[in-house]
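Enquirer: Sharing data13.csv, CSV, N, CA and C atoms:
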```
chain,number,residue,atom,x,y,z
A,1,MET,N,43.3,51.4,19.0
A,1,MET,CA,43.3,50.2,19.8
A,1,MET,C,43.2,49.0,18.8
A,2,ASP,N,44.1,48.0,19.0
A,2,ASP,CA,44.0,46.8,18.3
A,2,ASP,C,44.3,45.6,19.1
A,3,VAL,N,43.7,44.5,18.8
A,3,VAL,CA,44.0,43.2,19.4
A,3,VAL,C,44.3,42.2,18.4
A,4,THR,N,45.4,41.4,18.6
A,4,THR,CA,45.7,40.3,17.7
A,4,THR,C,45.7,39.0,18.5
A,5,TYR,N,45.0,38.0,17.9
A,5,TYR,CA,45.0,36.7,18.5
A,5,TYR,C,45.2,35.7,17.3
A,6,ASN,N,46.1,34.8,17.5
A,6,ASN,CA,46.5,33.8,16.5
A,6,ASN,C,46.6,34.4,15.1
A,7,ASN,N,47.3,35.5,15.0
A,7,ASN,CA,47.6,36.2,13.8
A,7,ASN,C,46.4,36.8,13.1
A,8,GLN,N,45.3,36.9,13.8
A,8,GLN,CA,44.1,37.7,13.3
A,8,GLN,C,44.1,39.0,14.1
A,9,LYS,N,43.7,40.1,13.4
A,9,LYS,CA,43.8,41.4,14.1
A,9,LYS,C,42.4,42.1,13.9
A,10,ILE,N,42.0,42.7,15.0
A,10,ILE,CA,40.9,43.7,15.0
A,10,ILE,C,41.4,45.0,15.3
A,11,GLU,N,41.2,46.0,14.4
A,11,GLU,CA,41.7,47.4,14.7
A,11,GLU,C,40.6,48.3,14.7
A,12,LEU,N,40.6,49.1,15.8
A,12,LEU,CA,39.6,50.2,15.9
A,12,LEU,C,40.3,51.5,16.1
A,13,LYS,N,39.6,52.6,15.8
A,13,LYS,CA,40.1,53.9,16.1
A,13,LYS,C,38.9,54.8,16.6
A,14,TRP,N,39.3,55.8,17.4
A,14,TRP,CA,38.3,56.7,17.9
A,14,TRP,C,38.1,57.8,16.9
A,15,ASP,N,36.8,58.0,16.5
A,15,ASP,CA,36.4,59.1,15.6
A,15,ASP,C,35.9,60.2,16.4
A,16,ASP,N,36.7,61.3,16.5
A,16,ASP,CA,36.4,62.5,17.2
A,16,ASP,C,35.1,63.1,16.7
A,17,ASN,N,35.0,63.2,15.4
A,17,ASN,CA,33.8,63.8,14.8
A,17,ASN,C,32.5,63.1,15.1
A,18,GLN,N,32.5,61.8,15.2
A,18,GLN,CA,31.3,61.1,15.5
A,18,GLN,C,31.2,60.7,17.0
A,19,SER,N,32.3,60.9,17.7
A,19,SER,CA,32.4,60.5,19.1
A,19,SER,C,32.1,59.1,19.4
A,20,LYS,N,32.7,58.2,18.6
A,20,LYS,CA,32.5,56.8,18.7
A,20,LYS,C,33.7,56.0,18.1
A,21,TRP,N,33.8,54.7,18.5
A,21,TRP,CA,34.7,53.8,17.9
A,21,TRP,C,34.3,53.4,16.6
A,22,ILE,N,35.2,53.2,15.6
A,22,ILE,CA,34.9,52.7,14.3
A,22,ILE,C,36.0,51.7,14.0
A,23,PHE,N,35.7,50.7,13.1
A,23,PHE,CA,36.7,49.8,12.6
A,23,PHE,C,37.6,50.5,11.6
A,24,VAL,N,38.9,50.2,11.7
A,24,VAL,CA,39.8,50.7,10.7
A,24,VAL,C,39.4,50.2,9.3
A,25,ASP,N,39.0,48.9,9.2
A,25,ASP,CA,38.4,48.3,8.0
A,25,ASP,C,36.9,48.5,8.1
A,26,SER,N,36.4,49.5,7.4
A,26,SER,CA,35.0,49.9,7.5
A,26,SER,C,34.1,48.9,6.9
A,27,SER,N,34.6,47.9,6.2
A,27,SER,CA,33.7,46.9,5.6
A,27,SER,C,33.2,45.9,6.7
A,28,ARG,N,33.7,46.0,7.9
A,28,ARG,CA,33.2,45.2,9.0
A,28,ARG,C,31.9,45.6,9.5
A,29,GLY,N,31.5,46.8,9.3
A,29,GLY,CA,30.2,47.3,9.7
A,29,GLY,C,30.3,48.3,10.9
A,30,GLU,N,29.3,48.4,11.7
A,30,GLU,CA,29.2,49.2,12.9
A,30,GLU,C,29.8,48.5,14.1
A,31,VAL,N,30.4,49.3,14.9
A,31,VAL,CA,31.0,48.8,16.2
A,31,VAL,C,30.0,48.7,17.3
A,32,ASP,N,30.0,47.7,18.1
A,32,ASP,CA,29.3,47.6,19.3
A,32,ASP,C,30.0,48.4,20.3
A,33,GLN,N,29.6,49.6,20.5
A,33,GLN,CA,30.3,50.6,21.4
A,33,GLN,C,30.4,50.1,22.8
A,34,GLY,N,29.3,49.5,23.4
A,34,GLY,CA,29.4,49.0,24.7
A,34,GLY,C,30.4,48.0,24.9
A,35,ARG,N,30.5,47.0,24.0
A,35,ARG,CA,31.5,46.0,24.1
A,35,ARG,C,32.9,46.5,24.0
A,36,VAL,N,33.2,47.5,23.1
A,36,VAL,CA,34.5,48.1,23.0
A,36,VAL,C,34.9,48.8,24.3
A,37,ASN,N,33.9,49.5,24.8
A,37,ASN,CA,34.2,50.2,26.1
A,37,ASN,C,34.5,49.2,27.2
A,38,GLY,N,33.9,48.1,27.2
A,38,GLY,CA,34.2,47.0,28.2
A,38,GLY,C,35.6,46.5,28.0
A,39,ILE,N,36.0,46.3,26.8
A,39,ILE,CA,37.4,45.8,26.5
A,39,ILE,C,38.4,46.9,26.9
A,40,ARG,N,38.1,48.1,26.6
A,40,ARG,CA,38.9,49.2,27.0
A,40,ARG,C,39.1,49.3,28.5
A,41,LEU,N,38.1,49.1,29.2
A,41,LEU,CA,38.2,49.0,30.7
A,41,LEU,C,39.0,47.9,31.2
A,42,LEU,N,38.8,46.7,30.5
A,42,LEU,CA,39.7,45.5,30.9
A,42,LEU,C,41.1,45.8,30.7
A,43,LEU,N,41.5,46.5,29.6
A,43,LEU,CA,42.9,46.8,29.3
A,43,LEU,C,43.5,47.8,30.2
A,44,THR,N,42.7,48.7,30.8
A,44,THR,CA,43.2,49.7,31.7
A,44,THR,C,43.7,49.1,33.0
A,45,GLY,N,43.2,48.0,33.4
A,45,GLY,CA,43.6,47.4,34.7
A,45,GLY,C,43.2,46.0,34.8
A,46,PRO,N,44.1,45.1,34.4
A,46,PRO,CA,43.7,43.7,34.4
A,46,PRO,C,43.6,43.0,35.8
A,47,GLY,N,43.9,43.8,36.8
A,47,GLY,CA,43.7,43.2,38.2
A,47,GLY,C,44.6,42.0,38.4
A,48,SER,N,45.9,42.2,38.2
A,48,SER,CA,46.8,41.1,38.4
A,48,SER,C,46.7,40.5,39.8
A,49,LYS,N,46.8,39.2,39.8
A,49,LYS,CA,46.8,38.5,41.1
A,49,LYS,C,48.1,38.7,41.8
A,50,ARG,N,49.2,38.7,41.0
A,50,ARG,CA,50.5,38.8,41.6
A,50,ARG,C,51.6,39.0,40.6
A,51,VAL,N,52.7,39.6,41.0
A,51,VAL,CA,53.8,39.7,40.1
A,51,VAL,C,54.6,38.4,40.3
A,52,LEU,N,54.9,37.7,39.2
A,52,LEU,CA,55.7,36.5,39.3
A,52,LEU,C,57.2,36.8,39.4
A,53,PHE,N,57.6,37.7,38.6
A,53,PHE,CA,59.1,38.0,38.5
A,53,PHE,C,59.2,39.5,38.5
A,54,LYS,N,60.1,40.1,39.3
A,54,LYS,CA,60.5,41.5,39.2
A,54,LYS,C,61.9,41.5,38.6
A,55,GLY,N,62.2,42.5,37.8
A,55,GLY,CA,63.5,42.5,37.2
A,55,GLY,C,63.5,41.8,35.9
A,56,ASP,N,64.7,41.4,35.5
A,56,ASP,CA,64.9,40.8,34.2
A,56,ASP,C,64.5,39.3,34.2
A,57,VAL,N,63.7,38.9,33.2
A,57,VAL,CA,63.4,37.5,32.9
A,57,VAL,C,64.2,37.2,31.7
A,58,SER,N,65.1,36.2,31.8
A,58,SER,CA,65.9,35.8,30.7
A,58,SER,C,65.2,35.1,29.6
A,59,ASP,N,64.1,34.4,29.9
A,59,ASP,CA,63.5,33.6,28.8
A,59,ASP,C,62.0,33.8,28.9
A,60,PHE,N,61.4,34.7,28.2
A,60,PHE,CA,60.0,34.9,28.2
A,60,PHE,C,59.2,33.8,27.6
A,61,SER,N,59.9,32.9,26.8
A,61,SER,CA,59.2,31.8,26.1
A,61,SER,C,58.6,30.8,27.1
A,62,GLN,N,59.2,30.7,28.3
A,62,GLN,CA,58.7,29.8,29.3
A,62,GLN,C,57.3,30.1,29.7
A,63,PHE,N,56.8,31.4,29.4
A,63,PHE,CA,55.5,31.8,29.8
A,63,PHE,C,54.6,32.1,28.6
A,64,GLY,N,55.1,31.7,27.4
A,64,GLY,CA,54.4,32.0,26.2
A,64,GLY,C,54.4,33.5,25.8
A,65,LEU,N,55.4,34.2,26.3
A,65,LEU,CA,55.4,35.6,26.1
A,65,LEU,C,56.5,36.1,25.1
A,66,GLU,N,57.3,35.2,24.6
A,66,GLU,CA,58.3,35.6,23.6
A,66,GLU,C,57.6,35.9,22.2
A,67,ASN,N,56.7,35.0,21.8
A,67,ASN,CA,55.8,35.2,20.6
A,67,ASN,C,54.4,35.0,21.1
A,68,ALA,N,53.9,36.0,21.8
A,68,ALA,CA,52.6,35.8,22.4
A,68,ALA,C,51.5,35.7,21.4
A,69,ARG,N,50.5,34.8,21.6
A,69,ARG,CA,49.4,34.6,20.7
A,69,ARG,C,48.4,35.7,20.8
A,70,THR,N,48.4,36.4,21.9
A,70,THR,CA,47.4,37.5,22.1
A,70,THR,C,48.2,38.8,22.4
A,71,VAL,N,48.0,39.8,21.7
A,71,VAL,CA,48.6,41.1,21.9
A,71,VAL,C,47.6,42.2,21.8
A,72,ALA,N,47.5,43.0,22.8
A,72,ALA,CA,46.6,44.2,22.8
A,72,ALA,C,47.4,45.5,22.9
A,73,THR,N,47.1,46.4,21.9
A,73,THR,CA,47.8,47.7,21.9
A,73,THR,C,46.8,48.8,22.0
A,74,VAL,N,47.1,49.8,22.8
A,74,VAL,CA,46.2,50.9,23.0
A,74,VAL,C,47.0,52.2,22.9
A,75,GLU,N,46.6,53.1,22.1
A,75,GLU,CA,47.2,54.4,22.0
A,75,GLU,C,46.3,55.4,22.8
A,76,LEU,N,46.9,56.1,23.7
A,76,LEU,CA,46.2,57.1,24.5
A,76,LEU,C,46.2,58.4,23.8
A,77,LYS,N,45.3,59.3,24.3
A,77,LYS,CA,45.2,60.6,23.7
A,77,LYS,C,46.5,61.4,23.7
A,78,ASP,N,47.3,61.2,24.7
A,78,ASP,CA,48.6,61.9,24.7
A,78,ASP,C,49.7,61.3,23.8
A,79,GLY,N,49.3,60.3,23.0
A,79,GLY,CA,50.2,59.7,22.0
A,79,GLY,C,51.0,58.5,22.5
A,80,SER,N,50.9,58.3,23.8
A,80,SER,CA,51.7,57.1,24.3
A,80,SER,C,51.0,55.8,23.9
A,81,VAL,N,51.8,54.8,23.7
A,81,VAL,CA,51.3,53.5,23.2
A,81,VAL,C,51.7,52.5,24.3
A,82,HIS,N,50.7,51.7,24.6
A,82,HIS,CA,50.9,50.6,25.6
A,82,HIS,C,50.5,49.3,25.0
A,83,THR,N,51.4,48.3,25.1
A,83,THR,CA,51.1,47.0,24.5
A,83,THR,C,51.2,45.9,25.6
A,84,VAL,N,50.2,45.1,25.7
A,84,VAL,CA,50.1,44.1,26.7
A,84,VAL,C,50.2,42.7,25.9
A,85,LEU,N,51.1,41.9,26.4
A,85,LEU,CA,51.3,40.6,25.8
A,85,LEU,C,50.7,39.6,26.7
A,86,ILE,N,49.8,38.7,26.2
A,86,ILE,CA,49.2,37.7,26.9
A,86,ILE,C,49.7,36.3,26.5
A,87,GLY,N,50.4,35.7,27.4
A,87,GLY,CA,51.0,34.4,27.1
A,87,GLY,C,50.2,33.2,27.4
A,88,ASP,N,50.8,32.1,27.8
A,88,ASP,CA,50.1,30.8,28.1
A,88,ASP,C,49.3,30.9,29.4
A,89,ARG,N,48.4,29.9,29.5
A,89,ARG,CA,47.7,29.7,30.7
A,89,ARG,C,48.7,29.0,31.7
A,90,THR,N,48.5,29.2,32.9
A,90,THR,CA,49.3,28.5,33.9
A,90,THR,C,48.9,27.0,33.9
A,91,PRO,N,49.8,26.2,34.5
A,91,PRO,CA,49.5,24.7,34.5
A,91,PRO,C,48.1,24.4,35.2
A,92,SER,N,47.7,25.2,36.1
A,92,SER,CA,46.4,25.0,36.8
A,92,SER,C,45.2,25.4,35.9
A,93,GLY,N,45.5,26.3,34.9
A,93,GLY,CA,44.5,26.8,34.0
A,93,GLY,C,43.7,28.0,34.5
A,94,GLU,N,44.0,28.4,35.7
A,94,GLU,CA,43.3,29.5,36.4
A,94,GLU,C,43.7,30.9,36.0
A,95,SER,N,44.9,31.0,35.4
A,95,SER,CA,45.5,32.3,35.1
A,95,SER,C,46.2,32.3,33.8
A,96,TYR,N,46.5,33.5,33.3
A,96,TYR,CA,47.4,33.7,32.2
A,96,TYR,C,48.6,34.5,32.6
A,97,TYR,N,49.7,34.2,32.0
A,97,TYR,CA,50.9,35.0,32.2
A,97,TYR,C,50.8,36.3,31.3
A,98,ILE,N,51.0,37.5,31.8
A,98,ILE,CA,51.0,38.7,30.9
A,98,ILE,C,52.2,39.6,31.3
A,99,ARG,N,52.5,40.5,30.4
A,99,ARG,CA,53.5,41.5,30.7
A,99,ARG,C,53.2,42.7,29.8
A,100,ASN,N,53.7,43.8,30.2
A,100,ASN,CA,53.7,45.0,29.3
A,100,ASN,C,54.9,44.8,28.4
A,101,LYS,N,54.8,45.1,27.2
A,101,LYS,CA,55.9,44.9,26.2
A,101,LYS,C,57.1,45.6,26.6
A,102,ASP,N,57.0,46.8,27.2
A,102,ASP,CA,58.2,47.6,27.6
A,102,ASP,C,58.7,47.3,29.0
A,103,ASP,N,58.2,46.2,29.6
A,103,ASP,CA,58.6,45.9,31.0
A,103,ASP,C,59.0,44.5,31.1
A,104,SER,N,59.8,44.1,32.0
A,104,SER,CA,60.3,42.8,32.2
A,104,SER,C,59.5,42.0,33.3
A,105,GLN,N,58.6,42.7,34.0
A,105,GLN,CA,57.8,42.0,35.0
A,105,GLN,C,56.8,41.1,34.4
A,106,VAL,N,56.6,39.9,34.9
A,106,VAL,CA,55.6,39.0,34.5
A,106,VAL,C,54.5,38.9,35.6
A,107,PHE,N,53.3,39.0,35.1
A,107,PHE,CA,52.1,39.0,36.1
A,107,PHE,C,51.2,37.8,35.8
A,108,LEU,N,50.4,37.5,36.7
A,108,LEU,CA,49.3,36.5,36.5
A,108,LEU,C,48.0,37.3,36.6
A,109,VAL,N,47.1,37.0,35.6
A,109,VAL,CA,45.7,37.5,35.6
A,109,VAL,C,44.7,36.3,35.5
A,110,ASP,N,43.5,36.5,36.0
A,110,ASP,CA,42.5,35.5,35.9
A,110,ASP,C,42.3,35.1,34.5
A,111,PHE,N,42.0,33.8,34.3
A,111,PHE,CA,41.9,33.2,32.9
A,111,PHE,C,40.7,33.9,32.2
A,112,THR,N,39.7,34.4,32.9
A,112,THR,CA,38.5,35.0,32.2
A,112,THR,C,39.0,36.3,31.5
A,113,TRP,N,39.9,37.0,32.1
A,113,TRP,CA,40.5,38.2,31.5
A,113,TRP,C,41.1,37.9,30.1
A,114,GLY,N,42.0,36.9,30.1
A,114,GLY,CA,42.7,36.5,28.9
A,114,GLY,C,41.7,36.0,27.8
A,115,ASN,N,40.7,35.2,28.3
A,115,ASN,CA,39.8,34.7,27.3
A,115,ASN,C,38.9,35.8,26.7
A,116,GLU,N,38.6,36.8,27.5
A,116,GLU,CA,37.7,37.9,26.9
A,116,GLU,C,38.5,38.7,25.9
A,117,ILE,N,39.8,38.9,26.2
A,117,ILE,CA,40.6,39.7,25.2
A,117,ILE,C,40.7,38.9,23.9
A,118,ALA,N,40.9,37.6,24.0
A,118,ALA,CA,41.0,36.8,22.7
A,118,ALA,C,39.6,36.8,22.0
A,119,ARG,N,38.5,36.7,22.8
A,119,ARG,CA,37.2,36.7,22.2
A,119,ARG,C,36.9,38.0,21.4
A,120,PHE,N,37.6,39.1,21.7
A,120,PHE,CA,37.4,40.3,21.0
A,120,PHE,C,37.8,40.1,19.5
A,121,VAL,N,38.7,39.2,19.3
A,121,VAL,CA,39.1,38.9,17.9
A,121,VAL,C,38.2,37.7,17.3
A,122,THR,N,38.0,36.7,18.1
A,122,THR,CA,37.3,35.5,17.5
A,122,THR,C,35.8,35.9,17.3
A,123,GLU,N,35.3,36.8,18.1
A,123,GLU,CA,33.9,37.3,18.0
A,123,GLU,C,33.9,38.8,18.0
A,124,PRO,N,34.3,39.4,16.8
A,124,PRO,CA,34.5,40.9,16.8
A,124,PRO,C,33.3,41.7,17.3
A,125,PRO,N,33.6,42.9,17.8
A,125,PRO,CA,32.5,43.7,18.4
A,125,PRO,C,31.6,44.4,17.3
A,126,ILE,N,30.9,43.6,16.6
A,126,ILE,CA,30.1,44.1,15.5
A,126,ILE,C,28.7,44.4,16.1
A,127,ALA,N,28.2,45.6,15.9
A,127,ALA,CA,26.9,45.9,16.4
A,127,ALA,C,25.8,45.1,15.7
A,128,LYS,N,24.9,44.6,16.5
A,128,LYS,CA,23.7,43.8,15.9
A,128,LYS,C,22.8,44.8,15.2
A,129,GLU,N,22.2,44.3,14.2
A,129,GLU,CA,21.1,45.1,13.5
A,129,GLU,C,19.9,45.1,14.4
A,130,PRO,N,19.3,46.3,14.4
A,130,PRO,CA,18.0,46.4,15.2
A,130,PRO,C,17.0,45.5,14.7
A,131,ALA,N,16.2,44.9,15.7
A,131,ALA,CA,15.2,43.9,15.3
A,131,ALA,C,14.0,44.6,14.7
```
Show me the file's structure as C-alpha coordinates.
Expert:
Amino acid sequence: MDVTYNNQKIELKWDDNQSKWIFVDSSRGEVDQGRVNGIRLLLTGPGSKRVLFKGDVSDFSQFGLENARTVATVELKDGSVHTVLIGDRTPSGESYYIRNKDDSQVFLVDFTWGNEIARFVTEPPIAKEPA
(Lines of atoms letter the chains of each structure in order from A and count residues from 1; the text may use other names and numbers.)
(Lines give C-alpha, C1' and ligand atoms only; values in the text may rest on other atoms or scores of the structure.)
Protein backbone atom coordinates (compact mmCIF):
# COMPACT_ATOMS: atom_id res chain seq x y z
CA MET A 1 0.00 0.00 0.00
CA ASP A 2 1.31 3.43 -0.81
CA VAL A 3 -0.07 6.95 -0.77
CA THR A 4 1.46 9.89 -2.63
CA TYR A 5 0.54 13.48 -1.85
CA ASN A 6 2.29 16.47 -3.45
CA ASN A 7 5.09 14.20 -4.69
CA GLN A 8 5.78 12.79 -1.21
CA LYS A 9 5.18 9.07 -0.77
CA ILE A 10 4.53 6.78 2.17
CA GLU A 11 5.00 3.09 1.31
CA LEU A 12 3.95 0.22 3.52
CA LYS A 13 3.95 -3.51 3.09
CA TRP A 14 2.36 -6.37 4.98
CA ASP A 15 4.89 -8.59 6.75
CA ASP A 16 3.41 -12.09 6.92
CA ASN A 17 6.05 -13.28 9.41
CA GLN A 18 5.23 -10.53 11.91
CA SER A 19 1.55 -10.21 10.91
CA LYS A 20 1.79 -6.44 10.76
CA TRP A 21 2.33 -3.47 8.48
CA ILE A 22 5.89 -2.16 8.14
CA PHE A 23 7.38 0.83 6.35
CA VAL A 24 9.25 -0.03 3.15
CA ASP A 25 11.80 2.54 4.41
CA SER A 26 12.53 0.97 7.81
CA SER A 27 14.29 4.14 9.03
CA ARG A 28 10.83 5.67 9.59
CA GLY A 29 10.33 3.48 12.68
CA GLU A 30 7.36 1.42 13.76
CA VAL A 31 3.98 1.71 12.07
CA ASP A 32 0.84 2.75 13.97
CA GLN A 33 -1.13 -0.39 13.06
CA GLY A 34 -4.52 1.03 14.06
CA ARG A 35 -4.12 4.09 11.87
CA VAL A 36 -3.00 2.03 8.87
CA ASN A 37 -5.99 -0.27 9.27
CA GLY A 38 -8.22 2.80 9.36
CA ILE A 39 -6.76 4.09 6.10
CA ARG A 40 -7.06 0.62 4.58
CA LEU A 41 -10.75 0.62 5.46
CA LEU A 42 -11.21 4.09 3.98
CA LEU A 43 -9.66 2.91 0.72
CA THR A 44 -11.91 -0.14 0.48
CA GLY A 45 -15.04 1.96 0.21
CA PRO A 46 -14.94 5.73 0.02
CA GLY A 47 -18.73 5.97 0.17
CA SER A 48 -19.17 8.01 -2.95
CA LYS A 49 -21.99 10.50 -2.81
CA ARG A 50 -22.67 10.10 -6.50
CA VAL A 51 -21.26 9.29 -9.91
CA LEU A 52 -20.64 12.51 -11.81
CA PHE A 53 -19.94 10.97 -15.19
CA LYS A 54 -20.47 7.49 -16.57
CA GLY A 55 -18.55 6.54 -19.66
CA ASP A 56 -15.63 8.38 -21.14
CA VAL A 57 -14.51 11.70 -19.76
CA SER A 58 -12.47 13.51 -22.39
CA ASP A 59 -10.62 15.83 -20.00
CA PHE A 60 -9.80 14.62 -16.49
CA SER A 61 -7.82 17.81 -15.82
CA GLN A 62 -11.08 19.72 -15.23
CA PHE A 63 -11.41 17.65 -12.02
CA GLY A 64 -7.72 17.70 -11.03
CA LEU A 65 -7.49 14.04 -12.02
CA GLU A 66 -5.08 14.23 -14.97
CA ASN A 67 -2.10 14.78 -12.67
CA ALA A 68 -3.73 14.08 -9.32
CA ARG A 69 -1.95 15.44 -6.25
CA THR A 70 -3.10 12.48 -4.19
CA VAL A 71 -2.79 8.87 -5.36
CA ALA A 72 -3.43 5.79 -3.25
CA THR A 73 -2.40 2.34 -4.47
CA VAL A 74 -3.31 -0.94 -2.80
CA GLU A 75 -2.17 -4.40 -3.82
CA LEU A 76 -4.46 -7.19 -2.69
CA LYS A 77 -3.43 -10.69 -1.66
CA ASP A 78 -4.53 -12.01 -5.05
CA GLY A 79 -1.98 -9.71 -6.72
CA SER A 80 -4.49 -7.27 -8.18
CA VAL A 81 -3.57 -3.61 -7.86
CA HIS A 82 -6.09 -0.81 -7.37
CA THR A 83 -5.18 2.84 -7.70
CA VAL A 84 -7.45 5.68 -6.60
CA LEU A 85 -6.80 9.18 -7.91
CA ILE A 86 -8.02 12.04 -5.73
CA GLY A 87 -8.45 15.27 -7.62
CA ASP A 88 -9.55 18.79 -6.73
CA ARG A 89 -12.16 19.82 -4.22
CA THR A 90 -15.48 20.82 -5.69
CA PRO A 91 -16.28 24.55 -5.86
CA SER A 92 -18.40 24.21 -2.70
CA GLY A 93 -15.44 22.58 -0.91
CA GLU A 94 -17.67 19.81 0.43
CA SER A 95 -16.33 17.01 -1.78
CA TYR A 96 -13.36 15.74 -3.78
CA TYR A 97 -13.43 14.37 -7.30
CA ILE A 98 -12.03 10.84 -7.42
CA ARG A 99 -11.71 7.97 -9.86
CA ASN A 100 -10.19 4.54 -10.13
CA LYS A 101 -7.15 4.78 -12.39
CA ASP A 102 -8.49 2.03 -14.65
CA ASP A 103 -12.00 3.48 -14.92
CA SER A 104 -13.38 6.57 -16.60
CA GLN A 105 -16.15 7.23 -14.07
CA VAL A 106 -15.69 10.28 -11.86
CA PHE A 107 -17.18 10.24 -8.36
CA LEU A 108 -17.64 12.67 -5.51
CA VAL A 109 -16.58 11.80 -1.97
CA ASP A 110 -16.86 13.81 1.22
CA PHE A 111 -13.96 16.24 1.74
CA THR A 112 -13.00 14.56 5.04
CA TRP A 113 -12.20 11.35 3.14
CA GLY A 114 -9.78 13.15 0.81
CA ASN A 115 -8.23 15.10 3.66
CA GLU A 116 -7.60 11.94 5.68
CA ILE A 117 -5.87 10.20 2.78
CA ALA A 118 -3.58 13.24 2.29
CA ARG A 119 -2.89 13.38 6.05
CA PHE A 120 -1.54 9.83 5.81
CA VAL A 121 1.45 11.42 4.03
CA THR A 122 1.67 14.78 5.80
CA GLU A 123 1.45 13.06 9.20
CA PRO A 124 2.80 9.52 8.58
CA PRO A 125 1.41 6.67 10.68
CA ILE A 126 4.43 6.39 12.95
CA ALA A 127 3.75 4.61 16.23
CA LYS A 128 4.21 6.73 19.33
CA GLU A 129 6.82 5.67 21.85
CA PRO A 130 5.26 4.24 25.02
CA ALA A 131 5.15 6.76 27.86
Enquirer: Let me make sure I understand: among A:Glu11, A:Glu66, A:Asp16, A:Glu30, which one has the smallest atom-to-atom distance to A:Ile126 if we use only N, CA and C atoms?
Expert: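 For A:Ile126, the nearest of the given residues is A:Glu30.
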Enquirer: Out of A:Ile39, A:Lys77, A:His82, A:Val31, which residue has the shortest atom-to-atom distance to A:Asn115 when counting only C-alpha atoms?
Expert: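 When distances to A:Asn115 are compared using only C-alpha atoms, the smallest one comes from A:Ile39.
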Enquirer: Looking at A:Trp14, A:Phe60, A:Ala72, A:Arg28, which one is nearest to A:Leu43, with distances taken over all atoms listed in the file?
Expert: A:Ala72
Enquirer: Can you tell me, as JSON, numbers by chain, what residues are no more than 9 Å from stretch 87-96 of chain A when counting only C-alpha atoms, ignoring any on the same chain fewer than 5 positions away?
Expert: {"A": [49, 61, 62, 63, 64, 65, 66, 67, 68, 69, 70, 71, 107, 108, 109, 110, 111, 112, 113, 114]}
Enquirer: What separation in Å, quoted to one decimal, exists between atom CA of A:Ala127 and atom CA of A:Leu42?
Expert: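 Rounded to one decimal, the two atoms are 19.3 Å apart.
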Enquirer: How many Å separate atom N of A:Gly38 from atom N of A:Glu123?
Expert: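 Atom N of A:Glu123 lies at a distance of 14.6 Å from atom N of A:Gly38.
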Enquirer: In Å to one decimal, how far is atom CA of A:Lys20 from atom CA of A:Gly34?
Expert: 10.3 Å
Enquirer: If you run DSSP on this backbone, which residues of chain A come out as alpha helix (DSSP H), and could you give them as a short mmCIF file (atom, residue, chain, number, x, y, z; two decimals) with N, CA and C atoms, in the frame of the given file?
Expert:
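Printed below is states_28.cif as written:
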```cif
data_model
loop_
_atom_site.label_atom_id
_atom_site.label_comp_id
_atom_site.auth_asym_id
_atom_site.auth_seq_id
_atom_site.Cartn_x
_atom_site.Cartn_y
_atom_site.Cartn_z
N GLN A 33 29.60 49.60 20.50
CA GLN A 33 30.30 50.60 21.40
C GLN A 33 30.40 50.10 22.80
N GLY A 34 29.30 49.50 23.40
CA GLY A 34 29.40 49.00 24.70
C GLY A 34 30.40 48.00 24.90
N ARG A 35 30.50 47.00 24.00
CA ARG A 35 31.50 46.00 24.10
C ARG A 35 32.90 46.50 24.00
N VAL A 36 33.20 47.50 23.10
CA VAL A 36 34.50 48.10 23.00
C VAL A 36 34.90 48.80 24.30
N ASN A 37 33.90 49.50 24.80
CA ASN A 37 34.20 50.20 26.10
C ASN A 37 34.50 49.20 27.20
N GLY A 38 33.90 48.10 27.20
CA GLY A 38 34.20 47.00 28.20
C GLY A 38 35.60 46.50 28.00
N ILE A 39 36.00 46.30 26.80
CA ILE A 39 37.40 45.80 26.50
C ILE A 39 38.40 46.90 26.90
N ARG A 40 38.10 48.10 26.60
CA ARG A 40 38.90 49.20 27.00
C ARG A 40 39.10 49.30 28.50
N LEU A 41 38.10 49.10 29.20
CA LEU A 41 38.20 49.00 30.70
C LEU A 41 39.00 47.90 31.20
N LEU A 42 38.80 46.70 30.50
CA LEU A 42 39.70 45.50 30.90
C LEU A 42 41.10 45.80 30.70
N LEU A 43 41.50 46.50 29.60
CA LEU A 43 42.90 46.80 29.30
C LEU A 43 43.50 47.80 30.20
N THR A 44 42.70 48.70 30.80
CA THR A 44 43.20 49.70 31.70
C THR A 44 43.70 49.10 33.00
N PHE A 111 42.00 33.80 34.30
CA PHE A 111 41.90 33.20 32.90
C PHE A 111 40.70 33.90 32.20
N THR A 112 39.70 34.40 32.90
CA THR A 112 38.50 35.00 32.20
C THR A 112 39.00 36.30 31.50
N TRP A 113 39.90 37.00 32.10
CA TRP A 113 40.50 38.20 31.50
C TRP A 113 41.10 37.90 30.10
N GLY A 114 42.00 36.90 30.10
CA GLY A 114 42.70 36.50 28.90
C GLY A 114 41.70 36.00 27.80
N ASN A 115 40.70 35.20 28.30
CA ASN A 115 39.80 34.70 27.30
C ASN A 115 38.90 35.80 26.70
N GLU A 116 38.60 36.80 27.50
CA GLU A 116 37.70 37.90 26.90
C GLU A 116 38.50 38.70 25.90
N ILE A 117 39.80 38.90 26.20
CA ILE A 117 40.60 39.70 25.20
C ILE A 117 40.70 38.90 23.90
N ALA A 118 40.90 37.60 24.00
CA ALA A 118 41.00 36.80 22.70
C ALA A 118 39.60 36.80 22.00
N ARG A 119 38.50 36.70 22.80
CA ARG A 119 37.20 36.70 22.20
C ARG A 119 36.90 38.00 21.40
N PHE A 120 37.60 39.10 21.70
CA PHE A 120 37.40 40.30 21.00
C PHE A 120 37.80 40.10 19.50
N VAL A 121 38.70 39.20 19.30
CA VAL A 121 39.10 38.90 17.90
C VAL A 121 38.20 37.70 17.30
N THR A 122 38.00 36.70 18.10
CA THR A 122 37.30 35.50 17.50
C THR A 122 35.80 35.90 17.30
#
```
Enquirer: Using only C-alpha atoms, can you tell me which of A:Ile10, A:Val36, A:Val74, A:Val121 comes closest to A:Lys101?
Expert: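 The answer is A:Val74, which sits nearest to A:Lys101.
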Enquirer: Between A:Ser104, A:Gln8, A:Ser26, A:Asn17, which residue has the minimum interatomic distance to A:Ala118, considering only C-alpha atoms?
Expert: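 Of A:Ser104, A:Gln8, A:Ser26, A:Asn17, the one nearest A:Ala118, counting only C-alpha atoms, is A:Gln8.
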Enquirer: With only N, CA and C atoms as the counted atoms, please give the residues lying no more than 7 Å from A:Trp21, apart from itself and same-chain residues fewer than 3 positions off, as a list in words.
Expert: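 Counting only N, CA and C atoms, the residues come to Leu12, Lys13, Trp14, Asp15, Gln18, Val31 and Gln33 of chain A.
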Enquirer: Measuring between only C-alpha atoms, which one of A:Thr44, A:Thr73, A:Ser27, A:Thr122 shows the shortest distance to A:Met1?
Expert: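 For A:Met1, the nearest of the candidates is A:Thr73.
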Enquirer: Identify all residues of chain A in strand (DSSP E or B) (DSSP on the backbone) and supply them as JSON, numbers by chain.
Expert: {"A": [2, 3, 4, 5, 8, 9, 10, 11, 12, 13, 14, 15, 20, 21, 22, 23, 31, 50, 51, 52, 53, 70, 71, 72, 73, 74, 75, 81, 82, 83, 84, 85, 86, 87, 88, 89, 95, 96, 97, 98, 99, 100, 106, 107, 108, 109, 110, 126]}
Enquirer: Mind giving me the axis-aligned box for stretch 89-107 of chain A with 4 Å on every side, centre plus edges in Å to one decimal, as AutoDock Vina command-line options?
Expert:
```
--center_x 51.8 --center_y 36.0 --center_z 31.5 --size_x 25.0 --size_y 31.2 --size_z 18.6
```
